[in-house]
Amino acid sequence: MSKKPPLLQVEGMQIRRGGVQVLDLPGFSIASEEKVAVIGPNGASKSSLLLGLACLIRRECGAIIFQGKEVTAREETAFRRQIAMVFQEPLLFDTTVLDNVAEGLRIRGHGRREARETAMKCLELFKVGQLASRSAHKLSGGEAQRVSLARAFAVKPKLILMDEPFSSLDLPTRIVLTEDLGRILHESGTAALIATHDRIEALRVVDRLVVMDGGVIVQEGKPHEVIANPVNSFVAAFKRTTVPTAN
Amino acid sequence: MELILDGIGRTIALIFTLDREVLTVTLLSFKISGCATLASLIIGIPTGVFLALSDFPGRRLIVSVVNTGMGLPPVVVGLFVTISLWRNGPLGLLEMLYTPSAMILAQSVIAAPIVTGITIAAIQNLPSNLKLQVRAMGATKLQTIWILVRESRLPLLAAVMAGFGGVISEVGASIMVGGNIKGQTRVLTTATVMETGKGNFETAIALSLILLLLAFGVNYLLTVIQQRERPR
């Protein structure tokens with residue numbers, strides 16, 4: 001656990017989907033600037049955790065506390081304007097790359113010119129500045145995911161939630177993108193919660209590893225501690241896998 | 001064959017001599033169908049978005065009704081609008097029967113389900129997580145709807161084309177609620193029916209070719225807009 005004050009806290013959150021309880025989270029927190037990976041097998045409710053934290057699905061009970069203040073139903077939109085979320089698919093809009101990245105700022109009321117200037121800087125940060133005028137629907141998978149990340153970082157979120165962001169990419173692209181993401185996350189001081197199956201994302205970027213199974217957290221700690229003491233076969237599989245490098 | 005060639009010749013003559021009667025009928029057709037399409041967009045797009053994004057008991061039934069409405073026979077619409085606007089009907093006080101307004105009303109009833117149905121399909125065809133992505137970006141409900149409609153703009157232009165195409169070419173409702181009154185409610189389709197009835201095939205062919213040209217012109221314009229919209 002980080003010693004920094006919690007940025008986001010969850011108390012007693014339960015989520016049901018299709019009449020079935022999929023998430024039971026008595027307590028969970030992320031500190032400012034902390035990078036956390038959530039790992040677990042399919043159906044572990046990693047996506048439900050992220051959607052629940054972003055207040056994008058209804059919770060049965062429980063509270064989300066952001067920067068010491070509970071997020072009420074009325075304040076959910078304002079809360080979401082302080083965070084960002086990246087999905088497995090890039091989900092880019094049918095417009096230019098630049099306008100995609102500027103969209104979050106436009107939603108927050110920024111002027112078109114100012115939003116585009118900030119968007120351009122973010123595209124350059126993710127090494128895709130040369131794509132600014134291209135149609136977002138004509139990009140390769142790796143390019144599209146870089147644009148999606150640039151869009152998330154453009155709004156300068158305090159916390160970024162990522163739901164298996166690189167799972168649809170090939171291994172070399174995934175390794176390079178993970179390196180870049182790790183560098184940008186550390187340079188920007190943005191807290192992150194990354195749901196993943198991927199050992200590369202989980203072990204290269206984060207300060208803490210959370211293991212979920214059946215909608216509950218079954219283990220958490222520093223990555224090397226969790227890997228050294230696997231609580232289930234899924235974590236044990238992590239131990240047996242080597243993490244490739246970008247070179 | 002000779003008859004068709006004569007008809008084409010008459011069309012050219014009518015267009016280039018700017019025949020007053022033909023001009024009046026063409027402009028009225030465009031005005032009535034344009035207004036009806038606009039009204040159907042105002043009704044159909046919000047209704048379609050609501051039905052696509054909401055979940056409530058009976059929603060499937062309503063969507064089925066809308067889909068059925070996409071193929072509403074114009075004569076059936078004409079009959080019910082006529083009954084509604086009849087002197088003793090529920091809207092009889094408005095004294096709208098046999099006026100262009102009645103024709104706009106009837107054509108709107110025909111086009112609105114077409115626009116609504118295509119809007120539902122367009123919004124539902126977007127990636128399932130796109131709505132969540134937009135909301136995750138901090139969009140309000142209205143901003144979310146606006147962005148989703150914007151993302152569906154190409155199929156929505158198809159809705160405009162289908163709506164306009166459906167009403168500019170219909171004759172049953174227009175003749176029943178408009179009455180084909182010269183200078184007031186005579187449009188290209190009703191005039192074509194009348195000229196055919198009188199055996200003036202040349203004029204009927206000419207009017208129908210003008211109708212085709214009008215429909216093509218509007219659809220060509222919308223297609224150009226639709227295709228230009230895509231960034232390279």
# chains A, B, ... in the order shown; residues from 1 in each chain; ligands from 1
$ residues_around --residues "stretch 167-180 of chain B" --least-positions-apart "3" --cutoff "9 Å" --atoms "only C-alpha atoms" --output "NGL selection string"
:B and (29-30 or 32-34 or 36-37 or 73-79 or 81-82 or 85 or 96-104 or 106-108 or 110-111 or 162-164 or 183-191 or 193-194 or 211-212 or 214-215)
$ write_last_selection --atoms "C-alpha atoms" --output "PDB file, in the first residue's frame"
ATOM      1  CA  SER B  29     -44.249  19.594 -54.346  1.00  0.00           C
ATOM      2  CA  PHE B  30     -40.805  20.603 -53.108  1.00  0.00           C
ATOM      3  CA  ILE B  32     -44.747  20.371 -49.071  1.00  0.00           C
ATOM      4  CA  SER B  33     -42.388  17.399 -49.108  1.00  0.00           C
ATOM      5  CA  GLY B  34     -39.510  19.512 -47.742  1.00  0.00           C
ATOM      6  CA  ALA B  36     -42.947  17.218 -44.171  1.00  0.00           C
ATOM      7  CA  THR B  37     -39.394  15.828 -44.161  1.00  0.00           C
ATOM      8  CA  PRO B  73     -49.524   2.555 -47.013  1.00  0.00           C
ATOM      9  CA  PRO B  74     -50.050   6.241 -47.941  1.00  0.00           C
ATOM     10  CA  VAL B  75     -53.754   5.652 -48.704  1.00  0.00           C
ATOM     11  CA  VAL B  76     -54.293   4.385 -45.161  1.00  0.00           C
ATOM     12  CA  VAL B  77     -52.564   7.488 -43.781  1.00  0.00           C
ATOM     13  CA  GLY B  78     -54.620   9.617 -46.167  1.00  0.00           C
ATOM     14  CA  LEU B  79     -57.838   8.008 -44.986  1.00  0.00           C
ATOM     15  CA  VAL B  81     -55.841  12.103 -41.737  1.00  0.00           C
ATOM     16  CA  THR B  82     -58.933  12.902 -43.843  1.00  0.00           C
ATOM     17  CA  LEU B  85     -59.579  16.715 -40.438  1.00  0.00           C
ATOM     18  CA  MET B  96     -57.170  22.190 -42.750  1.00  0.00           C
ATOM     19  CA  LEU B  97     -58.640  19.671 -45.171  1.00  0.00           C
ATOM     20  CA  TYR B  98     -57.743  20.315 -48.834  1.00  0.00           C
ATOM     21  CA  THR B  99     -54.889  22.657 -47.899  1.00  0.00           C
ATOM     22  CA  PRO B 100     -51.108  22.272 -48.249  1.00  0.00           C
ATOM     23  CA  SER B 101     -50.944  22.054 -44.407  1.00  0.00           C
ATOM     24  CA  ALA B 102     -53.073  18.894 -44.502  1.00  0.00           C
ATOM     25  CA  MET B 103     -50.715  17.434 -47.089  1.00  0.00           C
ATOM     26  CA  ILE B 104     -47.691  18.287 -44.913  1.00  0.00           C
ATOM     27  CA  ALA B 106     -50.176  13.447 -43.900  1.00  0.00           C
ATOM     28  CA  GLN B 107     -46.700  13.258 -45.414  1.00  0.00           C
ATOM     29  CA  SER B 108     -45.128  13.816 -41.976  1.00  0.00           C
ATOM     30  CA  ILE B 110     -45.675   8.767 -43.518  1.00  0.00           C
ATOM     31  CA  ALA B 111     -42.063   9.964 -43.115  1.00  0.00           C
ATOM     32  CA  ALA B 162     -35.481   7.878 -47.315  1.00  0.00           C
ATOM     33  CA  GLY B 163     -37.973  10.248 -45.658  1.00  0.00           C
ATOM     34  CA  PHE B 164     -37.927  12.744 -48.527  1.00  0.00           C
ATOM     35  CA  GLY B 183     -52.856  26.326 -57.865  1.00  0.00           C
ATOM     36  CA  GLN B 184     -53.425  25.258 -54.260  1.00  0.00           C
ATOM     37  CA  THR B 185     -52.798  21.589 -53.597  1.00  0.00           C
ATOM     38  CA  ARG B 186     -51.827  20.199 -56.988  1.00  0.00           C
ATOM     39  CA  VAL B 187     -48.400  18.580 -56.771  1.00  0.00           C
ATOM     40  CA  LEU B 188     -46.359  16.579 -59.282  1.00  0.00           C
ATOM     41  CA  THR B 189     -47.753  13.181 -58.269  1.00  0.00           C
ATOM     42  CA  THR B 190     -51.404  14.213 -58.195  1.00  0.00           C
ATOM     43  CA  ALA B 191     -51.025  16.123 -61.476  1.00  0.00           C
ATOM     44  CA  VAL B 193     -52.423  10.894 -61.953  1.00  0.00           C
ATOM     45  CA  MET B 194     -54.858  13.479 -63.317  1.00  0.00           C
ATOM     46  CA  LEU B 211     -40.555  14.417 -60.361  1.00  0.00           C
ATOM     47  CA  LEU B 212     -37.704  11.996 -60.930  1.00  0.00           C
ATOM     48  CA  LEU B 214     -36.406  16.627 -58.406  1.00  0.00           C
ATOM     49  CA  ALA B 215     -35.971  13.458 -56.309  1.00  0.00           C
TER      50      ALA B 215
END
$ interface_residues --of "chain A" --to "chain B" --cutoff "7 Å" --atoms "only C-alpha atoms" --output "PyMOL selection string"
chain A and resi 54+56+77-78+80-81+84-85+91+93-96+104+107+134-135
$ select_by_dssp --residues "stretch 172-231 of chain B" --states "alpha helix (DSSP H)" --output "mmCIF file with C-alpha atoms, in the first residue's frame"
data_model
loop_
_atom_site.group_PDB
_atom_site.id
_atom_site.type_symbol
_atom_site.label_atom_id
_atom_site.label_comp_id
_atom_site.auth_asym_id
_atom_site.auth_seq_id
_atom_site.Cartn_x
_atom_site.Cartn_y
_atom_site.Cartn_z
ATOM 1 C CA GLY B 172 -52.521 8.355 -52.196
ATOM 2 C CA ALA B 173 -52.452 10.575 -49.115
ATOM 3 C CA SER B 174 -51.804 13.789 -51.073
ATOM 4 C CA ILE B 175 -54.802 13.303 -53.328
ATOM 5 C CA MET B 176 -57.083 12.354 -50.416
ATOM 6 C CA VAL B 177 -56.198 15.206 -48.042
ATOM 7 C CA GLY B 178 -55.193 17.790 -50.671
ATOM 8 C CA LEU B 188 -46.359 16.579 -59.282
ATOM 9 C CA THR B 189 -47.753 13.181 -58.269
ATOM 10 C CA THR B 190 -51.404 14.213 -58.195
ATOM 11 C CA ALA B 191 -51.025 16.123 -61.476
ATOM 12 C CA THR B 192 -49.463 13.026 -63.064
ATOM 13 C CA VAL B 193 -52.423 10.894 -61.953
ATOM 14 C CA MET B 194 -54.858 13.479 -63.317
ATOM 15 C CA GLU B 195 -53.112 13.825 -66.699
ATOM 16 C CA THR B 196 -52.911 10.035 -67.053
ATOM 17 C CA GLY B 197 -56.640 9.822 -66.289
ATOM 18 C CA PHE B 201 -49.704 10.722 -71.585
ATOM 19 C CA GLU B 202 -47.099 13.150 -72.932
ATOM 20 C CA THR B 203 -47.753 15.609 -70.122
ATOM 21 C CA ALA B 204 -47.987 12.781 -67.569
ATOM 22 C CA ILE B 205 -44.607 11.453 -68.679
ATOM 23 C CA ALA B 206 -43.155 14.970 -68.587
ATOM 24 C CA LEU B 207 -44.440 15.553 -65.032
ATOM 25 C CA SER B 208 -43.149 12.198 -63.843
ATOM 26 C CA LEU B 209 -39.726 12.890 -65.353
ATOM 27 C CA ILE B 210 -39.640 16.263 -63.574
ATOM 28 C CA LEU B 211 -40.555 14.417 -60.361
ATOM 29 C CA LEU B 212 -37.704 11.996 -60.930
ATOM 30 C CA LEU B 213 -35.302 14.871 -61.615
ATOM 31 C CA LEU B 214 -36.406 16.627 -58.406
ATOM 32 C CA ALA B 215 -35.971 13.458 -56.309
ATOM 33 C CA PHE B 216 -32.598 12.789 -57.937
ATOM 34 C CA GLY B 217 -31.432 16.381 -57.411
ATOM 35 C CA VAL B 218 -32.233 16.368 -53.698
ATOM 36 C CA ASN B 219 -30.710 12.912 -53.172
ATOM 37 C CA TYR B 220 -27.613 13.851 -55.176
ATOM 38 C CA LEU B 221 -27.113 16.934 -52.994
ATOM 39 C CA LEU B 222 -27.512 14.885 -49.797
ATOM 40 C CA THR B 223 -25.191 12.180 -51.136
ATOM 41 C CA VAL B 224 -22.501 14.764 -51.906
ATOM 42 C CA ILE B 225 -22.803 16.096 -48.332
ATOM 43 C CA GLN B 226 -22.753 12.539 -46.946
ATOM 44 C CA GLN B 227 -19.637 11.513 -48.840
ATOM 45 C CA ARG B 228 -17.796 14.783 -48.249
ATOM 46 C CA GLU B 229 -18.364 14.393 -44.494
#
$ closest_residue --among "A:Val226, A:Val218, A:Leu50, A:Val206" --to "A:Lys35" --atoms "only C-alpha atoms"
A:Val206
$ closest_residue --among "B:Trp146, B:Val49, B:Val25, B:Pro90" --to "B:Ala121" --atoms "only C-alpha atoms"
B:Val49
$ closest_residue --among "A:Leu92, A:Leu209, A:Leu8, A:Ser133" --to "A:Val71" --atoms "only C-alpha atoms"
A:Leu8
$ residues_around --residues "stretch 62-64 of chain B" --least-positions-apart "6" --cutoff "10 Å" --atoms "only C-alpha atoms" --output "list in words"
Gly48, Leu51, Ala52, Met70, Pro113, Thr116, Gly117 and Ile120 of chain B
$ atom_distance --atom1 "atom CA of B:Phe50" --atom2 "atom CA of A:Arg59"
23.5 Å
$ residues_around --residues "A:Val101" --least-positions-apart "2" --cutoff "12 Å" --atoms "only C-alpha atoms" --output "JSON, numbers by chain"
{"A": [90, 91, 92, 93, 94, 95, 96, 97, 98, 99, 103, 104, 105, 106, 107, 112, 114, 115, 116, 117, 118, 119, 120, 121, 122, 123, 124, 126, 128, 129, 131, 132, 133, 136, 144, 145, 146, 147, 148, 149, 150, 151, 152, 153, 154, 155, 156], "B": [137]}
$ closest_residue --among "B:Leu142, B:Ile118, B:Ile12, B:Ser84" --to "B:Pro155" --atoms "only C-alpha atoms"
B:Ile118
$ atom_distance --atom1 "atom CA of A:Lys158" --atom2 "atom CA of A:Val22"
26.8 Å
$ decode --residues "stretch 51-77 of chain B" --atoms "N, CA and C atoms" --output "mmCIF file, in the first residue's frame"
data_model
loop_
_atom_site.group_PDB
_atom_site.id
_atom_site.type_symbol
_atom_site.label_atom_id
_atom_site.label_comp_id
_atom_site.auth_asym_id
_atom_site.auth_seq_id
_atom_site.Cartn_x
_atom_site.Cartn_y
_atom_site.Cartn_z
ATOM 1 N N LEU B 51 -35.654 5.875 -28.095
ATOM 2 C CA LEU B 51 -35.951 4.433 -28.143
ATOM 3 C C LEU B 51 -34.670 3.589 -28.235
ATOM 4 N N ALA B 52 -33.645 4.138 -28.870
ATOM 5 C CA ALA B 52 -32.388 3.383 -29.006
ATOM 6 C C ALA B 52 -31.623 3.323 -27.691
ATOM 7 N N LEU B 53 -31.705 4.393 -26.903
ATOM 8 C CA LEU B 53 -30.861 4.469 -25.704
ATOM 9 C C LEU B 53 -31.565 4.082 -24.417
ATOM 10 N N SER B 54 -32.888 3.999 -24.443
ATOM 11 C CA SER B 54 -33.588 3.733 -23.185
ATOM 12 C C SER B 54 -34.028 2.275 -23.105
ATOM 13 N N ASP B 55 -34.386 1.882 -21.906
ATOM 14 C CA ASP B 55 -34.841 0.516 -21.682
ATOM 15 C C ASP B 55 -36.030 0.577 -20.719
ATOM 16 N N PHE B 56 -37.185 0.237 -21.199
ATOM 17 C CA PHE B 56 -38.377 0.278 -20.341
ATOM 18 C C PHE B 56 -39.355 -0.789 -20.829
ATOM 19 N N PRO B 57 -40.269 -1.221 -19.962
ATOM 20 C CA PRO B 57 -41.223 -2.248 -20.395
ATOM 21 C C PRO B 57 -42.046 -1.734 -21.578
ATOM 22 N N GLY B 58 -42.197 -2.546 -22.597
ATOM 23 C CA GLY B 58 -42.990 -2.149 -23.761
ATOM 24 C C GLY B 58 -42.162 -1.521 -24.868
ATOM 25 N N ARG B 59 -40.849 -1.354 -24.620
ATOM 26 C CA ARG B 59 -39.996 -0.712 -25.627
ATOM 27 C C ARG B 59 -39.981 -1.513 -26.940
ATOM 28 N N ARG B 60 -39.862 -2.833 -26.794
ATOM 29 C CA ARG B 60 -39.799 -3.679 -28.009
ATOM 30 C C ARG B 60 -41.080 -3.551 -28.831
ATOM 31 N N LEU B 61 -42.197 -3.464 -28.123
ATOM 32 C CA LEU B 61 -43.482 -3.328 -28.816
ATOM 33 C C LEU B 61 -43.516 -2.022 -29.606
ATOM 34 N N ILE B 62 -43.046 -0.944 -28.948
ATOM 35 C CA ILE B 62 -43.050 0.373 -29.616
ATOM 36 C C ILE B 62 -42.122 0.350 -30.836
ATOM 37 N N VAL B 63 -40.938 -0.277 -30.674
ATOM 38 C CA VAL B 63 -39.999 -0.350 -31.802
ATOM 39 C C VAL B 63 -40.627 -1.155 -32.950
ATOM 40 N N SER B 64 -41.362 -2.226 -32.599
ATOM 41 C CA SER B 64 -42.042 -3.016 -33.640
ATOM 42 C C SER B 64 -43.087 -2.177 -34.364
ATOM 43 N N VAL B 65 -43.812 -1.354 -33.580
ATOM 44 C CA VAL B 65 -44.830 -0.480 -34.189
ATOM 45 C C VAL B 65 -44.153 0.509 -35.150
ATOM 46 N N VAL B 66 -43.025 1.081 -34.695
ATOM 47 C CA VAL B 66 -42.281 2.034 -35.553
ATOM 48 C C VAL B 66 -41.822 1.331 -36.827
ATOM 49 N N ASN B 67 -41.265 0.127 -36.679
ATOM 50 C CA ASN B 67 -40.790 -0.603 -37.854
ATOM 51 C C ASN B 67 -41.929 -0.928 -38.819
ATOM 52 N N THR B 68 -43.080 -1.249 -38.258
ATOM 53 C CA THR B 68 -44.252 -1.493 -39.115
ATOM 54 C C THR B 68 -44.643 -0.202 -39.822
ATOM 55 N N GLY B 69 -44.554 0.907 -39.077
ATOM 56 C CA GLY B 69 -44.911 2.221 -39.627
ATOM 57 C C GLY B 69 -44.025 2.643 -40.785
ATOM 58 N N MET B 70 -42.829 2.042 -40.872
ATOM 59 C CA MET B 70 -41.921 2.396 -41.977
ATOM 60 C C MET B 70 -42.506 2.004 -43.333
ATOM 61 N N GLY B 71 -43.469 1.071 -43.281
ATOM 62 C CA GLY B 71 -44.094 0.661 -44.540
ATOM 63 C C GLY B 71 -45.563 1.028 -44.586
ATOM 64 N N LEU B 72 -45.930 2.115 -43.904
ATOM 65 C CA LEU B 72 -47.349 2.527 -43.869
ATOM 66 C C LEU B 72 -47.873 2.824 -45.276
ATOM 67 N N PRO B 73 -48.967 2.217 -45.695
ATOM 68 C CA PRO B 73 -49.524 2.555 -47.013
ATOM 69 C C PRO B 73 -50.060 3.990 -46.988
ATOM 70 N N PRO B 74 -49.614 4.845 -47.933
ATOM 71 C CA PRO B 74 -50.050 6.241 -47.941
ATOM 72 C C PRO B 74 -51.567 6.409 -47.981
ATOM 73 N N VAL B 75 -52.286 5.487 -48.652
ATOM 74 C CA VAL B 75 -53.754 5.652 -48.704
ATOM 75 C C VAL B 75 -54.375 5.469 -47.323
ATOM 76 N N VAL B 76 -53.774 4.590 -46.527
ATOM 77 C CA VAL B 76 -54.293 4.385 -45.161
ATOM 78 C C VAL B 76 -54.064 5.655 -44.339
ATOM 79 N N VAL B 77 -52.864 6.229 -44.480
ATOM 80 C CA VAL B 77 -52.564 7.488 -43.781
ATOM 81 C C VAL B 77 -53.533 8.564 -44.273
#
